[in-house]
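Remarks on the structure that follows.
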Amino acid sequence: MKIFSGKTLRIHFKYSSCNSIIDIDSKDLSLEYLILNNKSEKENDLLMFDTDIMLVGLCKKCRGG
Ligand SMILES: [Zn+2]
């Protein structure tokens with residue numbers, strides 16, 4: 001299996017109501033990303049070297065939890 005080849009993955013989560021941003025760091029997500037990345041490259045003849053993902057939603061507090 002192809003090892004994580006220096007391609008960077010950054011996943012952020014933005015709280016839409018309190019407007020703060022946190023970074024999400026997960027080995028599982030990195031693996032999922034690698035699969036997605038390889039598939040996208042193969043199917044579209046691309047060379048990807050950077051990914052920046054911004055998830056947007058509400059934190060526990062803003063959800064009323
Ligand atoms: Zn919030």
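Chain labels follow the order of the structure tokens: the first chain is A, the next B, and so on; residue numbering restarts at 1 in every chain, and ligands are counted from 1 in their shown order.
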
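Across chain A, DSSP run on the backbone finds strand (DSSP E or B) at Thr8, Leu9, Arg10, Ile11, His12, Phe13, Lys14, Tyr15, Ile21, Ile22, Asp23, Ile24, Asp50, Thr51, Asp52, Ile53, Met54, Leu55, Val56 and Gly57 of chain A.
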
Exercise. Could you write out, as a VMD selection string, all the residues of range 2-56 of chain A that DSSP marks as alpha helix (DSSP H)?
Worked result: chain A and resid 27 to 44

Problem set entry | Env. residues ligand 1 / 7 Å / only C-alpha atoms and all ligand atoms / as a list in words |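 Selection of residues at most 7 Å from ligand 1: Tyr15, Ser17, Cys18, Leu58, Cys59, Lys60, Lys61 and Cys62 of chain A.
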
Let me see the file: selected residues, N, CA and C atoms, as a PDB file, in the first residue's frame.
```pdb
ATOM      1  N   TYR A  15     -17.018  26.947  13.333  1.00  0.00           N
ATOM      2  CA  TYR A  15     -18.289  27.109  14.019  1.00  0.00           C
ATOM      3  C   TYR A  15     -18.972  28.340  13.444  1.00  0.00           C
ATOM      4  N   SER A  17     -21.663  29.909  14.164  1.00  0.00           N
ATOM      5  CA  SER A  17     -22.263  30.914  15.032  1.00  0.00           C
ATOM      6  C   SER A  17     -21.250  31.593  15.944  1.00  0.00           C
ATOM      7  N   CYS A  18     -20.281  30.857  16.486  1.00  0.00           N
ATOM      8  CA  CYS A  18     -19.301  31.537  17.338  1.00  0.00           C
ATOM      9  C   CYS A  18     -18.052  31.939  16.567  1.00  0.00           C
ATOM     10  N   LEU A  58     -22.155  23.801  13.737  1.00  0.00           N
ATOM     11  CA  LEU A  58     -22.366  24.366  15.074  1.00  0.00           C
ATOM     12  C   LEU A  58     -21.641  23.540  16.127  1.00  0.00           C
ATOM     13  N   CYS A  59     -21.110  24.227  17.134  1.00  0.00           N
ATOM     14  CA  CYS A  59     -20.498  23.512  18.238  1.00  0.00           C
ATOM     15  C   CYS A  59     -21.593  23.071  19.217  1.00  0.00           C
ATOM     16  N   LYS A  60     -21.166  22.282  20.169  1.00  0.00           N
ATOM     17  CA  LYS A  60     -22.120  21.733  21.121  1.00  0.00           C
ATOM     18  C   LYS A  60     -22.897  22.833  21.844  1.00  0.00           C
ATOM     19  N   LYS A  61     -22.162  23.865  22.209  1.00  0.00           N
ATOM     20  CA  LYS A  61     -22.757  24.975  22.964  1.00  0.00           C
ATOM     21  C   LYS A  61     -23.837  25.674  22.153  1.00  0.00           C
ATOM     22  N   CYS A  62     -23.529  25.940  20.877  1.00  0.00           N
ATOM     23  CA  CYS A  62     -24.458  26.668  20.016  1.00  0.00           C
ATOM     24  C   CYS A  62     -25.665  25.799  19.637  1.00  0.00           C
TER      25      CYS A  62
END
```

Residues within 9 Å of range 47-57 of chain A, only C-alpha atoms, excluding chain neighbours under 4 positions, as a PDB file with N, CA and C atoms, in the first residue's frame:
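Result file around-v4.pdb:
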```
ATOM      1  N   GLY A   6       3.707  12.640   1.633  1.00  0.00           N
ATOM      2  CA  GLY A   6       4.089  14.026   1.816  1.00  0.00           C
ATOM      3  C   GLY A   6       3.046  15.015   1.362  1.00  0.00           C
ATOM      4  N   LYS A   7       1.953  14.501   0.826  1.00  0.00           N
ATOM      5  CA  LYS A   7       0.867  15.390   0.456  1.00  0.00           C
ATOM      6  C   LYS A   7       0.201  15.878   1.721  1.00  0.00           C
ATOM      7  N   THR A   8      -0.079  17.142   1.761  1.00  0.00           N
ATOM      8  CA  THR A   8      -0.608  17.680   3.004  1.00  0.00           C
ATOM      9  C   THR A   8      -2.132  17.670   3.008  1.00  0.00           C
ATOM     10  N   LEU A   9      -2.653  17.378   4.168  1.00  0.00           N
ATOM     11  CA  LEU A   9      -4.085  17.384   4.364  1.00  0.00           C
ATOM     12  C   LEU A   9      -4.386  18.267   5.562  1.00  0.00           C
ATOM     13  N   ARG A  10      -5.201  19.236   5.330  1.00  0.00           N
ATOM     14  CA  ARG A  10      -5.620  20.085   6.441  1.00  0.00           C
ATOM     15  C   ARG A  10      -7.140  20.082   6.493  1.00  0.00           C
ATOM     16  N   ILE A  11      -7.648  19.709   7.642  1.00  0.00           N
ATOM     17  CA  ILE A  11      -9.093  19.739   7.837  1.00  0.00           C
ATOM     18  C   ILE A  11      -9.406  20.699   8.971  1.00  0.00           C
ATOM     19  N   HIS A  12     -10.270  21.632   8.685  1.00  0.00           N
ATOM     20  CA  HIS A  12     -10.666  22.597   9.710  1.00  0.00           C
ATOM     21  C   HIS A  12     -12.165  22.491   9.935  1.00  0.00           C
ATOM     22  N   PHE A  13     -12.562  22.883  11.111  1.00  0.00           N
ATOM     23  CA  PHE A  13     -13.986  22.960  11.386  1.00  0.00           C
ATOM     24  C   PHE A  13     -14.302  24.372  11.843  1.00  0.00           C
ATOM     25  N   LYS A  14     -15.251  24.994  11.137  1.00  0.00           N
ATOM     26  CA  LYS A  14     -15.614  26.367  11.473  1.00  0.00           C
ATOM     27  C   LYS A  14     -16.976  26.373  12.143  1.00  0.00           C
ATOM     28  N   TYR A  15     -17.018  26.947  13.333  1.00  0.00           N
ATOM     29  CA  TYR A  15     -18.289  27.109  14.019  1.00  0.00           C
ATOM     30  C   TYR A  15     -18.972  28.340  13.444  1.00  0.00           C
ATOM     31  N   SER A  16     -20.081  28.130  12.773  1.00  0.00           N
ATOM     32  CA  SER A  16     -20.690  29.231  12.033  1.00  0.00           C
ATOM     33  C   SER A  16     -21.279  30.291  12.958  1.00  0.00           C
ATOM     34  N   SER A  17     -21.663  29.909  14.164  1.00  0.00           N
ATOM     35  CA  SER A  17     -22.263  30.914  15.032  1.00  0.00           C
ATOM     36  C   SER A  17     -21.250  31.593  15.944  1.00  0.00           C
ATOM     37  N   ASN A  37      -7.981  10.848  -2.785  1.00  0.00           N
ATOM     38  CA  ASN A  37      -6.940  11.523  -3.544  1.00  0.00           C
ATOM     39  C   ASN A  37      -6.473  10.675  -4.731  1.00  0.00           C
ATOM     40  N   ASN A  38      -6.126   9.421  -4.450  1.00  0.00           N
ATOM     41  CA  ASN A  38      -5.649   8.522  -5.508  1.00  0.00           C
ATOM     42  C   ASN A  38      -6.701   8.311  -6.581  1.00  0.00           C
ATOM     43  N   SER A  40      -9.222  10.356  -7.363  1.00  0.00           N
ATOM     44  CA  SER A  40      -9.412  11.596  -8.125  1.00  0.00           C
ATOM     45  C   SER A  40      -8.289  11.799  -9.135  1.00  0.00           C
ATOM     46  N   GLU A  41      -7.054  11.520  -8.702  1.00  0.00           N
ATOM     47  CA  GLU A  41      -5.908  11.690  -9.583  1.00  0.00           C
ATOM     48  C   GLU A  41      -6.010  10.766 -10.787  1.00  0.00           C
ATOM     49  N   LYS A  42      -6.347   9.508 -10.509  1.00  0.00           N
ATOM     50  CA  LYS A  42      -6.409   8.492 -11.552  1.00  0.00           C
ATOM     51  C   LYS A  42      -7.503   8.822 -12.562  1.00  0.00           C
TER      52      LYS A  42
END
```

For this session: Measure the distance from CA of Asp28 in chain A to CA of Asn44 in chain A in Å and round it to one decimal.
Result: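 Between these atoms lies a distance of 24.4 Å.
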